[in-house]
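Asker: Got a structure for you, structure-v2.txt, holding compact mmCIF, N, CA and C atoms.
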# COMPACT_ATOMS: atom_id res chain seq x y z
N MET G 1 -21.12 -6.05 18.60
CA MET G 1 -19.68 -6.01 18.58
C MET G 1 -19.14 -6.44 17.22
N LEU G 2 -19.70 -7.50 16.63
CA LEU G 2 -19.23 -7.98 15.33
C LEU G 2 -19.80 -7.17 14.17
N THR G 3 -20.80 -6.35 14.43
CA THR G 3 -21.38 -5.55 13.36
C THR G 3 -20.37 -4.56 12.80
N ASP G 4 -19.39 -4.13 13.61
CA ASP G 4 -18.33 -3.23 13.13
C ASP G 4 -17.57 -3.86 11.97
N LEU G 5 -17.38 -5.16 12.03
CA LEU G 5 -16.60 -5.86 11.01
C LEU G 5 -17.28 -5.89 9.65
N LYS G 6 -18.60 -5.97 9.65
CA LYS G 6 -19.33 -6.17 8.39
C LYS G 6 -19.09 -5.07 7.39
N ALA G 7 -19.05 -3.83 7.83
CA ALA G 7 -18.92 -2.70 6.91
C ALA G 7 -17.50 -2.17 6.79
N ALA G 8 -16.62 -2.58 7.69
CA ALA G 8 -15.27 -2.02 7.73
C ALA G 8 -14.31 -2.75 6.79
N LYS G 9 -13.23 -2.08 6.47
CA LYS G 9 -12.13 -2.73 5.76
C LYS G 9 -11.43 -3.63 6.77
N LYS G 10 -11.19 -4.87 6.39
CA LYS G 10 -10.68 -5.84 7.35
C LYS G 10 -9.71 -6.81 6.72
N VAL G 11 -8.97 -7.49 7.59
CA VAL G 11 -8.10 -8.60 7.18
C VAL G 11 -8.40 -9.76 8.12
N THR G 12 -8.22 -10.99 7.62
CA THR G 12 -8.45 -12.18 8.43
C THR G 12 -7.23 -13.07 8.38
N GLY G 13 -7.10 -13.88 9.40
CA GLY G 13 -5.97 -14.81 9.47
C GLY G 13 -4.82 -14.24 10.28
N ALA G 14 -4.11 -15.14 10.94
CA ALA G 14 -3.04 -14.72 11.85
C ALA G 14 -1.93 -13.96 11.13
N LYS G 15 -1.53 -14.42 9.96
CA LYS G 15 -0.43 -13.74 9.25
C LYS G 15 -0.82 -12.33 8.83
N GLN G 16 -2.02 -12.18 8.27
CA GLN G 16 -2.46 -10.86 7.81
C GLN G 16 -2.67 -9.90 8.98
N VAL G 17 -3.25 -10.41 10.07
CA VAL G 17 -3.48 -9.55 11.24
C VAL G 17 -2.16 -9.15 11.88
N THR G 18 -1.22 -10.09 11.98
CA THR G 18 0.10 -9.78 12.53
C THR G 18 0.78 -8.71 11.68
N ARG G 19 0.70 -8.85 10.38
CA ARG G 19 1.29 -7.86 9.47
C ARG G 19 0.65 -6.49 9.69
N ALA G 20 -0.67 -6.45 9.84
CA ALA G 20 -1.37 -5.18 10.07
C ALA G 20 -0.98 -4.56 11.40
N LEU G 21 -0.82 -5.37 12.43
CA LEU G 21 -0.39 -4.85 13.73
C LEU G 21 1.02 -4.28 13.66
N LYS G 22 1.92 -5.00 13.01
CA LYS G 22 3.31 -4.53 12.92
C LYS G 22 3.46 -3.29 12.06
N SER G 23 2.60 -3.15 11.05
CA SER G 23 2.70 -1.98 10.18
C SER G 23 1.92 -0.78 10.71
N GLY G 24 1.12 -1.01 11.77
CA GLY G 24 0.37 0.10 12.36
C GLY G 24 -0.95 0.40 11.71
N THR G 25 -1.44 -0.48 10.84
CA THR G 25 -2.72 -0.22 10.17
C THR G 25 -3.91 -0.84 10.88
N ALA G 26 -3.69 -1.75 11.83
CA ALA G 26 -4.80 -2.38 12.56
C ALA G 26 -5.39 -1.39 13.56
N ARG G 27 -6.71 -1.33 13.63
CA ARG G 27 -7.40 -0.44 14.57
C ARG G 27 -8.07 -1.21 15.70
N LYS G 28 -8.55 -2.43 15.41
CA LYS G 28 -9.19 -3.27 16.42
C LYS G 28 -9.03 -4.71 15.96
N VAL G 29 -8.73 -5.60 16.91
CA VAL G 29 -8.49 -7.01 16.59
C VAL G 29 -9.55 -7.86 17.28
N TYR G 30 -10.02 -8.87 16.57
CA TYR G 30 -11.00 -9.82 17.10
C TYR G 30 -10.36 -11.19 17.19
N LEU G 31 -10.53 -11.85 18.35
CA LEU G 31 -9.96 -13.17 18.60
C LEU G 31 -11.07 -14.15 18.95
N ALA G 32 -11.11 -15.29 18.28
CA ALA G 32 -12.12 -16.31 18.56
C ALA G 32 -11.70 -17.12 19.78
N ASP G 33 -12.60 -17.25 20.74
CA ASP G 33 -12.29 -17.96 21.99
C ASP G 33 -12.08 -19.46 21.79
N ASN G 34 -12.69 -20.03 20.75
CA ASN G 34 -12.55 -21.48 20.54
C ASN G 34 -11.44 -21.83 19.55
N ALA G 35 -10.63 -20.86 19.18
CA ALA G 35 -9.50 -21.10 18.27
C ALA G 35 -8.31 -21.64 19.05
N ASP G 36 -7.39 -22.24 18.33
CA ASP G 36 -6.17 -22.78 18.93
C ASP G 36 -5.37 -21.64 19.57
N PRO G 37 -5.06 -21.75 20.85
CA PRO G 37 -4.29 -20.70 21.53
C PRO G 37 -2.92 -20.45 20.89
N ARG G 38 -2.36 -21.44 20.22
CA ARG G 38 -1.07 -21.24 19.54
C ARG G 38 -1.21 -20.22 18.42
N VAL G 39 -2.43 -20.03 17.93
CA VAL G 39 -2.68 -19.03 16.88
C VAL G 39 -3.03 -17.69 17.50
N THR G 40 -3.90 -17.70 18.50
CA THR G 40 -4.42 -16.44 19.03
C THR G 40 -3.53 -15.75 20.05
N GLU G 41 -2.79 -16.52 20.86
CA GLU G 41 -1.97 -15.90 21.90
C GLU G 41 -0.89 -14.97 21.37
N PRO G 42 -0.13 -15.35 20.32
CA PRO G 42 0.87 -14.39 19.81
C PRO G 42 0.23 -13.10 19.29
N VAL G 43 -0.96 -13.21 18.70
CA VAL G 43 -1.65 -12.02 18.21
C VAL G 43 -2.10 -11.17 19.41
N ALA G 44 -2.64 -11.81 20.44
CA ALA G 44 -3.08 -11.09 21.64
C ALA G 44 -1.89 -10.38 22.30
N ASP G 45 -0.74 -11.06 22.35
CA ASP G 45 0.46 -10.45 22.93
C ASP G 45 0.88 -9.22 22.13
N LEU G 46 0.83 -9.33 20.80
CA LEU G 46 1.20 -8.21 19.94
C LEU G 46 0.22 -7.05 20.10
N CYS G 47 -1.05 -7.36 20.34
CA CYS G 47 -2.03 -6.30 20.60
C CYS G 47 -1.65 -5.53 21.87
N GLN G 48 -1.25 -6.25 22.91
CA GLN G 48 -0.85 -5.58 24.15
C GLN G 48 0.37 -4.70 23.92
N GLU G 49 1.34 -5.21 23.18
CA GLU G 49 2.57 -4.45 22.91
C GLU G 49 2.28 -3.17 22.13
N THR G 50 1.35 -3.24 21.19
CA THR G 50 1.07 -2.09 20.33
C THR G 50 -0.07 -1.22 20.83
N GLY G 51 -0.77 -1.66 21.89
CA GLY G 51 -1.85 -0.86 22.45
C GLY G 51 -3.14 -0.92 21.65
N ILE G 52 -3.31 -1.95 20.84
CA ILE G 52 -4.52 -2.11 20.03
C ILE G 52 -5.53 -2.96 20.81
N GLU G 53 -6.78 -2.54 20.79
CA GLU G 53 -7.84 -3.26 21.50
C GLU G 53 -8.05 -4.64 20.90
N ALA G 54 -8.09 -5.65 21.76
CA ALA G 54 -8.37 -7.03 21.34
C ALA G 54 -9.71 -7.44 21.92
N VAL G 55 -10.65 -7.78 21.04
CA VAL G 55 -12.00 -8.14 21.44
C VAL G 55 -12.16 -9.65 21.28
N HIS G 56 -12.65 -10.31 22.32
CA HIS G 56 -12.88 -11.76 22.26
C HIS G 56 -14.30 -12.03 21.78
N VAL G 57 -14.42 -12.96 20.84
CA VAL G 57 -15.72 -13.39 20.32
C VAL G 57 -15.89 -14.87 20.61
N PRO G 58 -17.13 -15.36 20.69
CA PRO G 58 -17.35 -16.73 21.14
C PRO G 58 -16.82 -17.82 20.22
N SER G 59 -16.88 -17.62 18.91
CA SER G 59 -16.51 -18.75 18.04
C SER G 59 -15.87 -18.30 16.74
N MET G 60 -15.11 -19.21 16.17
CA MET G 60 -14.49 -18.98 14.87
C MET G 60 -15.57 -18.84 13.79
N HIS G 61 -16.63 -19.62 13.91
CA HIS G 61 -17.71 -19.56 12.93
C HIS G 61 -18.35 -18.17 12.92
N ALA G 62 -18.65 -17.63 14.10
CA ALA G 62 -19.25 -16.30 14.20
C ALA G 62 -18.33 -15.23 13.63
N LEU G 63 -17.03 -15.36 13.89
CA LEU G 63 -16.07 -14.38 13.39
C LEU G 63 -15.96 -14.46 11.87
N GLY G 64 -15.90 -15.67 11.34
CA GLY G 64 -15.85 -15.84 9.88
C GLY G 64 -17.10 -15.28 9.22
N ALA G 65 -18.26 -15.55 9.79
CA ALA G 65 -19.52 -15.04 9.23
C ALA G 65 -19.55 -13.52 9.24
N ALA G 66 -19.07 -12.91 10.32
CA ALA G 66 -19.04 -11.45 10.41
C ALA G 66 -18.10 -10.85 9.37
N CYS G 67 -17.08 -11.61 8.98
CA CYS G 67 -16.13 -11.14 7.99
C CYS G 67 -16.61 -11.41 6.56
N GLY G 68 -17.73 -12.13 6.44
CA GLY G 68 -18.28 -12.42 5.13
C GLY G 68 -17.59 -13.56 4.42
N ILE G 69 -16.98 -14.47 5.17
CA ILE G 69 -16.33 -15.63 4.56
C ILE G 69 -17.07 -16.90 4.99
N ALA G 70 -16.97 -17.94 4.19
CA ALA G 70 -17.73 -19.16 4.41
C ALA G 70 -17.10 -20.10 5.42
N VAL G 71 -15.91 -19.78 5.90
CA VAL G 71 -15.22 -20.63 6.87
C VAL G 71 -14.97 -19.83 8.14
N GLY G 72 -14.62 -20.53 9.21
CA GLY G 72 -14.32 -19.85 10.46
C GLY G 72 -13.00 -19.12 10.38
N SER G 73 -12.84 -18.16 11.27
CA SER G 73 -11.59 -17.40 11.35
C SER G 73 -11.17 -17.28 12.80
N ALA G 74 -9.90 -17.56 13.07
CA ALA G 74 -9.38 -17.46 14.43
C ALA G 74 -9.17 -16.02 14.84
N VAL G 75 -8.70 -15.20 13.90
CA VAL G 75 -8.45 -13.78 14.18
C VAL G 75 -8.83 -12.94 12.98
N ALA G 76 -9.20 -11.70 13.27
CA ALA G 76 -9.52 -10.73 12.23
C ALA G 76 -9.21 -9.34 12.79
N ALA G 77 -9.03 -8.39 11.90
CA ALA G 77 -8.75 -7.02 12.35
C ALA G 77 -9.39 -6.02 11.42
N ILE G 78 -9.85 -4.93 12.01
CA ILE G 78 -10.30 -3.77 11.24
C ILE G 78 -9.05 -2.96 10.95
N VAL G 79 -8.87 -2.58 9.70
CA VAL G 79 -7.68 -1.82 9.30
C VAL G 79 -8.09 -0.50 8.68
N GLU G 80 -7.12 0.41 8.52
CA GLU G 80 -7.36 1.72 7.91
C GLU G 80 -7.75 1.56 6.47
Let me see the file written as structure tokens.

Answerer:
Amino acid sequence: MLTDLKAAKKVTGAKQVTRALKSGTARKVYLADNADPRVTEPVADLCQETGIEAVHVPSMHALGAACGIAVGSAVAAIVE
């Protein structure tokens, strides 16, 4: 599931993912299950509103590693 992120064009972080969802460039969103719900819930709600698939991953560390960054990430998205 996270292998899609490694090769794709992506954005990380709640602000960048929210911007991608609102502009229509997000294709798939990843949400870390151990992240603060105050960060992930608004993004999940926006995914439902826009019809974009939201995939849950076990940890922020795993999501950050899949994105190629040295820190954890609460949310990430594959973009056009």

Asker: Quick check for you: according to DSSP on this backbone, which residues of chain G are classed as strand (DSSP E)? Reply as a count of residues only.

Answerer: 20

Asker: Which residues are near Tyr30 (chain G)? Cut-off 7 Å, only C-alpha atoms, ignore same chain within fewer than 6 positions. Put them as a list of chain:residue names.

Answerer: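 Using only C-alpha atoms, the neighbours found are G:Ala54, G:Val55, G:His56, G:Val57, G:Val75, G:Ala76, G:Ala77.
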
Asker: For Thr40 (chain G), which of G:Ala8, G:Ala14, G:Val71, G:Leu21 is the closest residue, counting all atoms listed in the file?

Answerer: G:Ala14

Asker: Ranking G:Arg19, G:Thr12, G:Glu49, G:Arg27 by minimum distance to Ala74 (chain G) and counting only N, CA and C atoms, which one comes first?

Answerer: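 Among the listed residues, G:Thr12 lies closest to Ala74 (chain G).
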
Asker: Between G:Met60, G:Ile52, G:Ser73, G:Cys67, which is the closest to Ala26 (chain G) once you count all atoms listed in the file?

Answerer: G:Ile52

Asker: Grab the atom N of Ser59 (chain G) to CA of Ser23 (chain G) distance for me, in Å with one decimal place.

Answerer: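 Distance reported for this atom pair: 26.5 Å.
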
Asker: From a backbone DSSP assignment, name each residue in chain G labelled helix (DSSP H, G or I), as number ranges by chain.

Answerer: G: 3-7, 14-23, 37-50, 60-66

Asker: Tell me which of G:Arg38, G:Lys15, G:Lys10, G:His61 sits closest to Val79 (chain G), counting all atoms listed in the file.

Answerer: G:Lys10

Asker: What gap, in Å, lies between CA of Ala7 (chain G) and CA of Pro42 (chain G)?

Answerer: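 Between these atoms lies a distance of 26.4 Å.
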
Asker: Show which residues sit within 6.5 Å of Gly72 (chain G), as an MDAnalysis selection string. Count all atoms listed in the file, and ignore same-chain residues fewer than 3 positions away.

Answerer: chainID G and resid 60:65 69

Asker: Taking into account all atoms listed in the file, which residue in the set G:Lys28, G:Val39, G:Gly68, G:Thr18 is nearest to Glu53 (chain G)?

Answerer: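 Going through G:Lys28, G:Val39, G:Gly68, G:Thr18 one by one, the smallest distance to Glu53 (chain G) is for G:Lys28.
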
Asker: Nearest to Ala35 (chain G) among G:Gln48, G:Lys22, G:Pro58, G:Gly13, with distances taken over all atoms listed in the file: which residue is it?

Answerer: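 For Ala35 (chain G), the nearest of the given residues is G:Pro58.
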
Asker: Could you jot down the CA of Ala70 (chain G) to CA of Val11 (chain G) separation for me, Å, one decimal place?

Answerer: 14.6 Å
